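Participant: Next comes structure_32.tsv, TSV, C-alpha atoms (C1' of nucleotides):
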chain	number	residue	atom	x	y	z
A	1	MET	CA	8.50	-1.46	4.56
A	2	THR	CA	11.26	-1.70	1.99
A	3	ALA	CA	14.91	-1.54	2.95
A	4	PRO	CA	16.66	1.73	2.07
A	5	PRO	CA	19.56	1.67	-0.41
A	6	ARG	CA	23.27	1.82	0.38
A	7	VAL	CA	24.02	5.42	1.31
A	8	SER	CA	27.35	5.36	-0.51
A	9	ASP	CA	25.59	4.60	-3.81
A	10	LEU	CA	23.53	7.77	-3.72
A	11	THR	CA	24.11	11.28	-4.92
A	12	PRO	CA	24.56	13.68	-1.97
A	13	LEU	CA	21.46	15.48	-3.23
A	14	ILE	CA	19.58	12.55	-1.74
A	15	SER	CA	21.85	11.12	0.94
A	16	ARG	CA	22.28	14.47	2.71
A	17	SER	CA	18.63	15.37	2.68
A	18	VAL	CA	16.85	15.26	6.02
A	19	PRO	CA	13.80	13.34	4.75
A	20	PHE	CA	16.03	10.59	3.38
A	21	LEU	CA	18.15	10.41	6.54
A	22	LEU	CA	15.01	10.25	8.67
A	23	HIS	CA	13.55	7.53	6.46
A	24	CYS	CA	16.71	5.40	6.78
A	25	ALA	CA	17.08	5.97	10.50
A	26	ALA	CA	13.40	5.16	11.08
A	27	PHE	CA	13.70	1.98	9.04
A	28	HIS	CA	16.80	0.72	10.86
A	29	SER	CA	15.50	1.58	14.30
A	30	THR	CA	12.12	-0.08	13.69
A	31	ARG	CA	13.82	-3.17	12.32
A	32	CYS	CA	16.08	-3.31	15.38
A	33	VAL	CA	13.06	-3.10	17.70
A	34	ALA	CA	11.27	-5.79	15.68
A	35	ASP	CA	14.32	-8.06	15.93
A	36	ALA	CA	14.66	-7.38	19.64
A	37	LEU	CA	10.99	-8.21	20.28
A	38	GLU	CA	11.10	-11.47	18.36
A	39	PRO	CA	11.91	-13.60	21.46
A	40	VAL	CA	8.65	-12.46	23.13
A	41	GLY	CA	6.65	-13.18	19.96
A	42	ILE	CA	5.26	-9.71	19.30
A	43	GLU	CA	5.86	-6.89	16.82
A	44	PRO	CA	6.41	-3.18	17.50
A	45	ARG	CA	2.72	-2.38	16.92
A	46	HIS	CA	1.70	-4.97	19.52
A	47	PHE	CA	4.19	-3.43	21.93
A	48	GLY	CA	2.46	-0.08	21.41
A	49	VAL	CA	-0.82	-1.64	22.46
A	50	LEU	CA	0.73	-3.27	25.53
A	51	CYS	CA	2.37	0.03	26.57
A	52	THR	CA	-0.88	1.95	26.20
A	53	LEU	CA	-2.94	-0.60	28.14
A	54	HIS	CA	-0.26	-0.79	30.82
A	55	SER	CA	-0.20	2.99	31.28
A	56	SER	CA	-3.80	3.97	30.50
A	57	GLY	CA	-5.94	0.80	30.56
A	58	PRO	CA	-8.60	-0.38	30.62
A	59	LEU	CA	-9.64	1.03	27.25
A	60	SER	CA	-12.16	0.16	24.56
A	61	GLN	CA	-10.86	-0.96	21.17
A	62	GLY	CA	-12.08	2.26	19.64
A	63	SER	CA	-10.37	4.64	22.04
A	64	LEU	CA	-7.22	2.50	21.96
A	65	GLY	CA	-7.09	2.76	18.18
A	66	GLU	CA	-7.79	6.46	18.33
A	67	ARG	CA	-4.84	7.06	20.66
A	68	LEU	CA	-2.50	4.96	18.56
A	69	GLY	CA	-3.70	6.28	15.21
A	70	ILE	CA	-4.82	2.80	14.16
A	71	ASP	CA	-8.08	2.19	12.29
A	72	ARG	CA	-10.68	0.22	14.26
A	73	THR	CA	-10.77	-2.57	11.67
A	74	THR	CA	-7.01	-2.97	11.98
A	75	MET	CA	-7.34	-2.80	15.75
A	76	VAL	CA	-9.54	-5.90	15.72
A	77	GLN	CA	-6.75	-8.00	14.22
A	78	LEU	CA	-4.15	-6.56	16.59
A	79	VAL	CA	-6.25	-7.38	19.66
A	80	ASP	CA	-7.05	-10.80	18.15
A	81	ASP	CA	-3.30	-11.48	18.01
A	82	LEU	CA	-2.73	-10.42	21.59
A	83	GLU	CA	-5.77	-12.29	22.92
A	84	ARG	CA	-4.66	-15.44	21.10
A	85	ARG	CA	-1.31	-15.13	22.88
A	86	GLY	CA	-3.06	-14.67	26.21
A	87	LEU	CA	-1.64	-11.16	26.75
A	88	VAL	CA	-4.85	-9.13	26.54
A	89	GLU	CA	-8.35	-9.88	27.77
A	90	ARG	CA	-11.62	-8.67	26.20
A	91	LYS	CA	-14.02	-7.98	29.08
A	92	ARG	CA	-17.43	-6.52	28.35
A	93	ASN	CA	-18.11	-3.07	29.73
A	94	PRO	CA	-21.05	-3.61	32.14
A	95	HIS	CA	-22.30	-0.05	31.53
A	96	ASP	CA	-22.29	-0.37	27.72
A	97	ARG	CA	-22.30	-3.91	26.46
A	98	ARG	CA	-21.33	-2.85	22.93
A	99	SER	CA	-17.77	-1.99	23.97
A	100	TYR	CA	-14.95	-3.90	25.61
A	101	GLN	CA	-12.74	-3.04	28.53
A	102	LEU	CA	-9.39	-4.26	27.29
A	103	THR	CA	-6.91	-5.16	30.02
A	104	LEU	CA	-3.51	-6.79	30.23
A	105	THR	CA	-3.49	-10.28	31.69
A	106	PRO	CA	-0.73	-11.13	34.21
A	107	ALA	CA	1.14	-12.71	31.29
A	108	GLY	CA	0.56	-9.47	29.37
A	109	GLU	CA	2.14	-7.42	32.16
A	110	GLU	CA	5.11	-9.78	32.26
A	111	THR	CA	5.52	-9.63	28.50
A	112	TRP	CA	5.25	-5.84	28.57
A	113	ALA	CA	8.05	-5.60	31.17
A	114	ARG	CA	10.26	-7.98	29.20
A	115	ALA	CA	9.52	-6.21	25.90
A	116	LYS	CA	10.29	-2.83	27.46
A	117	GLU	CA	13.77	-4.02	28.43
A	118	LEU	CA	14.33	-5.51	24.99
A	119	ALA	CA	13.11	-2.37	23.20
A	120	GLU	CA	15.36	-0.14	25.30
A	121	GLY	CA	18.25	-2.43	24.53
A	122	SER	CA	17.59	-2.15	20.81
A	123	GLU	CA	17.58	1.63	21.11
A	124	ASP	CA	21.06	1.47	22.61
A	125	GLN	CA	22.06	-0.63	19.64
A	126	VAL	CA	20.63	1.83	17.11
A	127	LEU	CA	22.39	4.76	18.77
A	128	ALA	CA	25.61	2.84	19.47
A	129	VAL	CA	27.76	5.32	17.53
A	130	LEU	CA	26.58	8.27	19.69
A	131	ASP	CA	27.68	9.10	23.22
A	132	ASP	CA	25.18	9.91	25.96
A	133	ASP	CA	25.11	13.67	25.32
A	134	GLU	CA	24.64	13.13	21.60
A	135	ARG	CA	21.77	10.70	22.21
A	136	ASP	CA	20.05	13.25	24.42
A	137	ALA	CA	20.62	15.94	21.80
A	138	LEU	CA	19.15	13.79	19.02
A	139	ARG	CA	16.10	12.88	21.10
A	140	GLU	CA	15.55	16.52	22.00
A	141	LEU	CA	15.87	17.80	18.42
A	142	LEU	CA	13.56	15.09	17.08
A	143	ALA	CA	11.00	15.72	19.81
A	144	ARG	CA	10.87	19.41	18.94
A	145	VAL	CA	10.47	18.76	15.22
A	146	VAL	CA	7.76	16.15	15.81
A	147	LEU	CA	5.90	18.31	18.32
A	148	ALA	CA	5.89	21.19	15.83
A	149	HIS	CA	3.98	19.00	13.37
A	150	ASP	CA	1.60	17.50	15.94
A	151	ARG	CA	-2.11	18.01	15.44
A	152	PRO	CA	-3.72	20.29	18.03
B	1	MET	CA	2.10	5.26	4.79
B	2	THR	CA	-0.31	5.87	7.64
B	3	ALA	CA	-0.31	9.12	9.61
B	4	PRO	CA	1.18	8.88	13.09
B	5	PRO	CA	-1.04	9.58	16.12
B	6	ARG	CA	-1.18	12.74	18.18
B	7	VAL	CA	1.94	12.72	20.35
B	8	SER	CA	0.07	14.14	23.34
B	9	ASP	CA	-2.25	11.10	23.37
B	10	LEU	CA	0.57	8.63	23.88
B	11	THR	CA	2.29	7.25	26.93
B	12	PRO	CA	5.86	8.60	27.20
B	13	LEU	CA	7.01	4.99	26.89
B	14	ILE	CA	6.17	5.40	23.24
B	15	SER	CA	6.36	9.12	22.54
B	16	ARG	CA	9.89	9.46	23.94
B	17	SER	CA	11.28	6.46	22.14
B	18	VAL	CA	13.70	7.15	19.32
B	19	PRO	CA	12.08	4.74	16.83
B	20	PHE	CA	8.70	6.44	17.30
B	21	LEU	CA	10.17	9.94	17.02
B	22	LEU	CA	12.05	8.94	13.88
B	23	HIS	CA	8.91	7.39	12.40
B	24	CYS	CA	6.91	10.58	13.00
B	25	ALA	CA	9.64	12.90	11.77
B	26	ALA	CA	10.15	10.77	8.65
B	27	PHE	CA	6.43	10.76	7.95
B	28	HIS	CA	6.02	14.52	8.29
B	29	SER	CA	9.13	15.34	6.30
B	30	THR	CA	8.19	13.00	3.45
B	31	ARG	CA	4.67	14.40	3.37
B	32	CYS	CA	6.08	17.93	3.23
B	33	VAL	CA	8.34	17.00	0.31
B	34	ALA	CA	5.42	15.32	-1.46
B	35	ASP	CA	3.26	18.43	-0.97
B	36	ALA	CA	6.09	20.68	-2.16
B	37	LEU	CA	6.63	18.60	-5.31
B	38	GLU	CA	2.96	18.55	-6.24
B	39	PRO	CA	3.20	21.64	-8.50
B	40	VAL	CA	5.75	19.87	-10.72
B	41	GLY	CA	3.61	16.73	-10.89
B	42	ILE	CA	6.04	14.21	-9.38
B	43	GLU	CA	6.41	12.31	-6.11
B	44	PRO	CA	9.49	12.00	-3.89
B	45	ARG	CA	10.46	8.67	-5.49
B	46	HIS	CA	10.41	10.25	-8.94
B	47	PHE	CA	12.58	13.04	-7.61
B	48	GLY	CA	15.09	10.42	-6.46
B	49	VAL	CA	15.27	9.09	-10.01
B	50	LEU	CA	15.71	12.58	-11.48
B	51	CYS	CA	18.49	13.38	-8.98
B	52	THR	CA	20.33	10.14	-9.73
B	53	LEU	CA	20.11	10.57	-13.50
B	54	HIS	CA	21.14	14.20	-13.21
B	55	SER	CA	24.23	13.35	-11.15
B	56	SER	CA	25.16	9.91	-12.49
B	57	GLY	CA	23.29	9.35	-15.76
B	58	PRO	CA	22.98	7.77	-18.18
B	59	LEU	CA	22.08	4.56	-16.38
B	60	SER	CA	20.21	1.36	-17.20
B	61	GLN	CA	16.94	0.65	-15.39
B	62	GLY	CA	18.61	-2.17	-13.52
B	63	SER	CA	21.55	-0.20	-12.16
B	64	LEU	CA	19.30	2.75	-11.37
B	65	GLY	CA	17.02	0.52	-9.32
B	66	GLU	CA	20.01	-1.06	-7.63
B	67	ARG	CA	21.35	2.31	-6.51
B	68	LEU	CA	17.98	3.47	-5.25
B	69	GLY	CA	17.04	0.18	-3.60
B	70	ILE	CA	14.03	-0.20	-5.88
B	71	ASP	CA	13.01	-3.53	-7.40
B	72	ARG	CA	13.36	-3.69	-11.19
B	73	THR	CA	9.66	-4.43	-11.68
B	74	THR	CA	8.79	-1.32	-9.67
B	75	MET	CA	11.41	0.62	-11.61
B	76	VAL	CA	9.54	-0.08	-14.85
B	77	GLN	CA	6.46	1.75	-13.58
B	78	LEU	CA	8.52	4.64	-12.21
B	79	VAL	CA	10.30	5.17	-15.52
B	80	ASP	CA	6.98	4.74	-17.34
B	81	ASP	CA	5.62	7.64	-15.27
B	82	LEU	CA	8.59	9.87	-16.03
B	83	GLU	CA	8.68	8.98	-19.72
B	84	ARG	CA	4.94	9.71	-20.01
B	85	ARG	CA	5.64	13.16	-18.55
B	86	GLY	CA	8.48	13.70	-21.01
B	87	LEU	CA	11.13	13.98	-18.28
B	88	VAL	CA	13.16	10.85	-19.02
B	89	GLU	CA	14.10	9.21	-22.29
B	90	ARG	CA	14.65	5.48	-22.91
B	91	LYS	CA	17.49	5.19	-25.43
B	92	ARG	CA	18.79	1.77	-26.40
B	93	ASN	CA	22.37	1.01	-25.44
B	94	PRO	CA	24.14	0.40	-28.79
B	95	HIS	CA	26.64	-1.96	-27.12
B	96	ASP	CA	23.94	-4.10	-25.45
B	97	ARG	CA	20.54	-3.81	-26.97
B	98	ARG	CA	18.85	-5.49	-24.01
B	99	SER	CA	19.40	-2.48	-21.77
B	100	TYR	CA	18.46	1.18	-21.91
B	101	GLN	CA	20.52	4.28	-21.41
B	102	LEU	CA	18.16	6.42	-19.39
B	103	THR	CA	18.74	10.15	-19.66
B	104	LEU	CA	16.98	13.31	-18.57
B	105	THR	CA	15.33	15.27	-21.34
B	106	PRO	CA	15.76	19.07	-21.31
B	107	ALA	CA	12.33	19.23	-19.63
B	108	GLY	CA	13.62	16.65	-17.15
B	109	GLU	CA	16.61	18.85	-16.29
B	110	GLU	CA	14.33	21.84	-15.82
B	111	THR	CA	11.95	19.87	-13.65
B	112	TRP	CA	14.84	18.52	-11.59
B	113	ALA	CA	16.12	22.06	-10.93
B	114	ARG	CA	12.67	23.28	-9.99
B	115	ALA	CA	12.01	20.23	-7.81
B	116	LYS	CA	15.36	20.68	-6.06
B	117	GLU	CA	14.39	24.20	-5.01
B	118	LEU	CA	10.96	23.04	-3.86
B	119	ALA	CA	12.39	20.09	-1.91
B	120	GLU	CA	14.92	22.31	-0.16
B	121	GLY	CA	12.15	24.73	0.70
B	122	SER	CA	10.11	21.93	2.25
B	123	GLU	CA	13.11	20.92	4.33
B	124	ASP	CA	13.25	24.45	5.75
B	125	GLN	CA	9.60	24.07	6.59
B	126	VAL	CA	10.08	20.74	8.36
B	127	LEU	CA	12.96	22.12	10.42
B	128	ALA	CA	11.35	25.52	11.00
B	129	VAL	CA	11.51	25.18	14.79
B	130	LEU	CA	15.29	24.66	14.75
B	131	ASP	CA	17.96	27.33	14.23
B	132	ASP	CA	20.82	26.84	11.78
B	133	ASP	CA	23.20	25.24	14.28
B	134	GLU	CA	20.52	22.86	15.47
B	135	ARG	CA	19.70	21.86	11.88
B	136	ASP	CA	23.34	21.10	11.24
B	137	ALA	CA	23.54	19.12	14.47
B	138	LEU	CA	20.46	17.06	13.58
B	139	ARG	CA	21.75	16.33	10.08
B	140	GLU	CA	25.13	15.31	11.46
B	141	LEU	CA	23.72	13.02	14.17
B	142	LEU	CA	21.32	11.36	11.72
B	143	ALA	CA	24.04	10.88	9.14
B	144	ARG	CA	26.26	9.12	11.67
B	145	VAL	CA	23.47	6.80	12.83
B	146	VAL	CA	22.47	5.96	9.26
B	147	LEU	CA	26.03	5.39	8.13
B	148	ALA	CA	26.60	3.01	11.04
B	149	HIS	CA	23.78	0.80	9.73
B	150	ASP	CA	24.79	1.02	6.07
B	151	ARG	CA	25.59	-2.18	4.24
B	152	PRO	CA	29.26	-2.59	3.30
C	1	DT	C1'	22.88	-20.47	-20.42
C	2	DA	C1'	22.51	-15.76	-18.39
C	3	DT	C1'	20.72	-11.06	-18.31
C	4	DT	C1'	17.48	-6.77	-19.33
C	5	DG	C1'	13.28	-5.31	-19.33
C	6	DT	C1'	8.38	-6.58	-19.10
C	7	DT	C1'	3.94	-8.54	-17.68
C	8	DA	C1'	0.92	-11.17	-14.82
C	9	DT	C1'	0.29	-12.52	-10.39
C	10	DA	C1'	0.42	-12.75	-5.36
C	11	DC	C1'	1.20	-10.85	-0.98
C	12	DT	C1'	1.06	-7.29	2.79
C	13	DC	C1'	-0.89	-3.49	4.84
C	14	DT	C1'	-4.51	-0.61	5.41
C	15	DA	C1'	-9.04	1.54	4.63
C	16	DT	C1'	-14.16	1.51	3.05
C	17	DA	C1'	-18.76	-0.50	3.21
C	18	DA	C1'	-21.92	-3.31	5.09
C	19	DC	C1'	-23.48	-6.10	8.86
C	20	DT	C1'	-24.79	-7.32	14.25
C	21	DA	C1'	-25.70	-6.19	18.70
C	22	DT	C1'	-26.42	-2.99	21.70
C	23	DA	C1'	-27.77	1.88	23.10
D	1	DT	C1'	-31.14	6.80	14.99
D	2	DA	C1'	-26.33	6.21	16.45
D	3	DT	C1'	-22.26	3.61	18.08
D	4	DA	C1'	-18.73	-0.58	19.11
D	5	DG	C1'	-17.09	-4.20	17.17
D	6	DT	C1'	-16.77	-7.34	13.22
D	7	DT	C1'	-16.41	-9.16	8.49
D	8	DA	C1'	-15.86	-8.95	3.60
D	9	DT	C1'	-13.83	-6.41	0.22
D	10	DA	C1'	-11.03	-3.21	-2.32
D	11	DG	C1'	-7.12	-0.37	-2.89
D	12	DA	C1'	-2.05	0.96	-2.49
D	13	DG	C1'	2.60	-0.61	-2.68
D	14	DT	C1'	5.79	-4.02	-3.48
D	15	DA	C1'	7.79	-8.55	-4.66
D	16	DT	C1'	7.90	-13.26	-7.15
D	17	DA	C1'	7.48	-16.03	-11.40
D	18	DA	C1'	7.33	-16.49	-16.03
D	19	DC	C1'	8.18	-14.57	-20.58
D	20	DA	C1'	10.56	-12.19	-24.86
D	21	DA	C1'	14.60	-10.20	-26.71
D	22	DT	C1'	19.38	-10.11	-26.62
D	23	DA	C1'	23.99	-11.55	-25.13
Starting from the file, give its structure as structure tokens.

Facilitator:
Amino acid sequence: MTAPPRVSDLTPLISRSVPFLLHCAAFHSTRCVADALEPVGIEPRHFGVLCTLHSSGPLSQGSLGERLGIDRTTMVQLVDDLERRGLVERKRNPHDRRSYQLTLTPAGEETWARAKELAEGSEDQVLAVLDDDERDALRELLARVVLAHDRP
Amino acid sequence: MTAPPRVSDLTPLISRSVPFLLHCAAFHSTRCVADALEPVGIEPRHFGVLCTLHSSGPLSQGSLGERLGIDRTTMVQLVDDLERRGLVERKRNPHDRRSYQLTLTPAGEETWARAKELAEGSEDQVLAVLDDDERDALRELLARVVLAHDRP
DNA sequence: TATTGTTATACTCTATAACTATA
DNA sequence: TATAGTTATAGAGTATAACAATA
């Protein structure tokens, strides 16, 4: 992703538009999460996989990718990364030997817990200029907008 | 950009996080703008160029790219697109013949005005689930967060 | 020598097509 | 025949390096 421009350089036609503001805010927040996760050696997308396996595992690569909106060919590389780091294990499904049962290793659970703290910390950093009520309000407004565009 | 997943498929660890919500909202809003601009034959990035030239032109390709956070090599292609459509004109700067003075053609001004209406309409569509006060609140909260991360 | 615009090239991210092994 | 995972490949989108014209 490319860094957004300086807001002060732009005509208000752009800098006051909601799509532009959302693009900038998304960029900064994702970069903050990425920076925060650096000490545990994973990127935001890997964190998504860890969260999903922690909450809903074991899952096959296919169903994991489906939930996360990630193509199965991309999923292979993501799981390769996590397996190489010893965070995820590829066990064969005994009932269907074509598919895996992906699970977090103990190290994967530890890394997930650590990453969760770091990610939450980065969110505080992104929203530093807002007080608690304003943070709740922003989350609520965004959730409603996003839900309205969700596929059925 | 890749489409975000169905929110209902995700663990709340992800779907309630601000970076994820911002990513989804940014994706949907940009897609809506892109769809809205389709009738005038330009993409959101072209619209950014038209807006900047309308408000602050004439500009050289370099300074235009600098304002918009777009690399100069990418800028060449963008201006090529707009020139091919007859919306932007490359005039040589008489005081420095290395650089251009980019200006909107009359057709460019017309297209800008039309695109502005279409883009504003798409914003209404994105924020359809929010009332006027809520839209203002969202814009205000986003603007403060973005400004806090702006480069000096 | 430095700068503007340009081209050719490389890199990243992601998706499509084709393969294998299982079913 | 169909599906899970994999690999090779191609396509966007963007950035780096090298070049021509001008300063």

Participant: Measure the distance from CA of Ser15 in chain A to CA of Ala26 in chain B in Å and round it to one decimal.

Facilitator: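 Rounded to one decimal, the two atoms are 14.0 Å apart.
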
Participant: Which of these, C:DT14, C:DT22, C:DT9, C:DT1, has the shortest distance to chain B once you count all atoms listed in the file?

Facilitator: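 Among the listed residues, the smallest separation from chain B belongs to C:DT14.
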
Participant: Could you list, as a VMD selection string, every residue of chain B that has an atom within 10 Å of an atom of chain D, counting all atoms listed in the file?

Facilitator: chain B and resid 1 70 to 74 96 to 99

Participant: Give as JSON, numbers by chain every residue of chain C that touches chain A within 12 Å, counting only C-alpha atoms (C1' of nucleotides).

Facilitator: {"C": [12, 13, 14, 15, 16, 17, 20, 21, 22, 23]}

Participant: With all atoms listed in the file counted and 6 Å as the cut-off, give the residues of chain B in contact with chain A, each with its shortest interatomic distance in Å and the pair that gives it, as JSON lines.

Facilitator:
{"residue": "B:Pro4", "atom": "CA", "partner": "A:Gly69", "partner_atom": "CA", "distance": 5.9}
{"residue": "B:Pro5", "atom": "CA", "partner": "A:Gly69", "partner_atom": "CA", "distance": 4.3}
{"residue": "B:Arg6", "atom": "CA", "partner": "A:Asp150", "partner_atom": "CA", "distance": 6.0}
{"residue": "B:Asp9", "atom": "CA", "partner": "A:Arg67", "partner_atom": "CA", "distance": 5.5}
{"residue": "B:Pro19", "atom": "CA", "partner": "A:Ser29", "partner_atom": "CA", "distance": 5.3}
{"residue": "B:Leu22", "atom": "CA", "partner": "A:Ala26", "partner_atom": "CA", "distance": 4.9}
{"residue": "B:His23", "atom": "CA", "partner": "A:Ala26", "partner_atom": "CA", "distance": 5.2}
{"residue": "B:Ala25", "atom": "CA", "partner": "A:Val146", "partner_atom": "CA", "distance": 5.5}
{"residue": "B:Ala26", "atom": "CA", "partner": "A:Leu22", "partner_atom": "CA", "distance": 4.9}
{"residue": "B:Ser29", "atom": "CA", "partner": "A:Pro19", "partner_atom": "CA", "distance": 5.3}
{"residue": "B:Thr30", "atom": "CA", "partner": "A:Pro19", "partner_atom": "CA", "distance": 5.8}
{"residue": "B:Arg67", "atom": "CA", "partner": "A:Asp9", "partner_atom": "CA", "distance": 5.5}
{"residue": "B:Leu68", "atom": "CA", "partner": "A:Pro5", "partner_atom": "CA", "distance": 5.4}
{"residue": "B:Gly69", "atom": "CA", "partner": "A:Pro5", "partner_atom": "CA", "distance": 4.3}
{"residue": "B:Val146", "atom": "CA", "partner": "A:Ala25", "partner_atom": "CA", "distance": 5.5}
{"residue": "B:Asp150", "atom": "CA", "partner": "A:Arg6", "partner_atom": "CA", "distance": 5.9}

Participant: What does the distance between CA of Gly57 in chain B and CA of Gly108 in chain B come to in Å, to one decimal place?

Facilitator: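 Result for CA of Gly57 in chain B versus CA of Gly108 in chain B: 12.2 Å, one decimal.
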
Participant: Which distance in Å separates CA of Gln77 in chain A and CA of Leu118 in chain A, to one decimal?

Facilitator: 23.8 Å

Participant: So which residues are close to (25.9, 4.2, -18.9), meaning at most 9 Å away in the file's coordinates with all atoms listed in the file counted, and can you show them as a ChimeraX atom specification?

Facilitator: /B:56-60,93,100-102

Participant: Could you give me the centre and size, in Å to one decimal, of an axis-aligned box around all listed atoms of range 26-33 of chain B with 6 Å added on every side, as AutoDock Vina command-line options?

Facilitator:
--center_x 7.4 --center_y 14.3 --center_z 4.5 --size_x 17.5 --size_y 19.2 --size_z 20.3
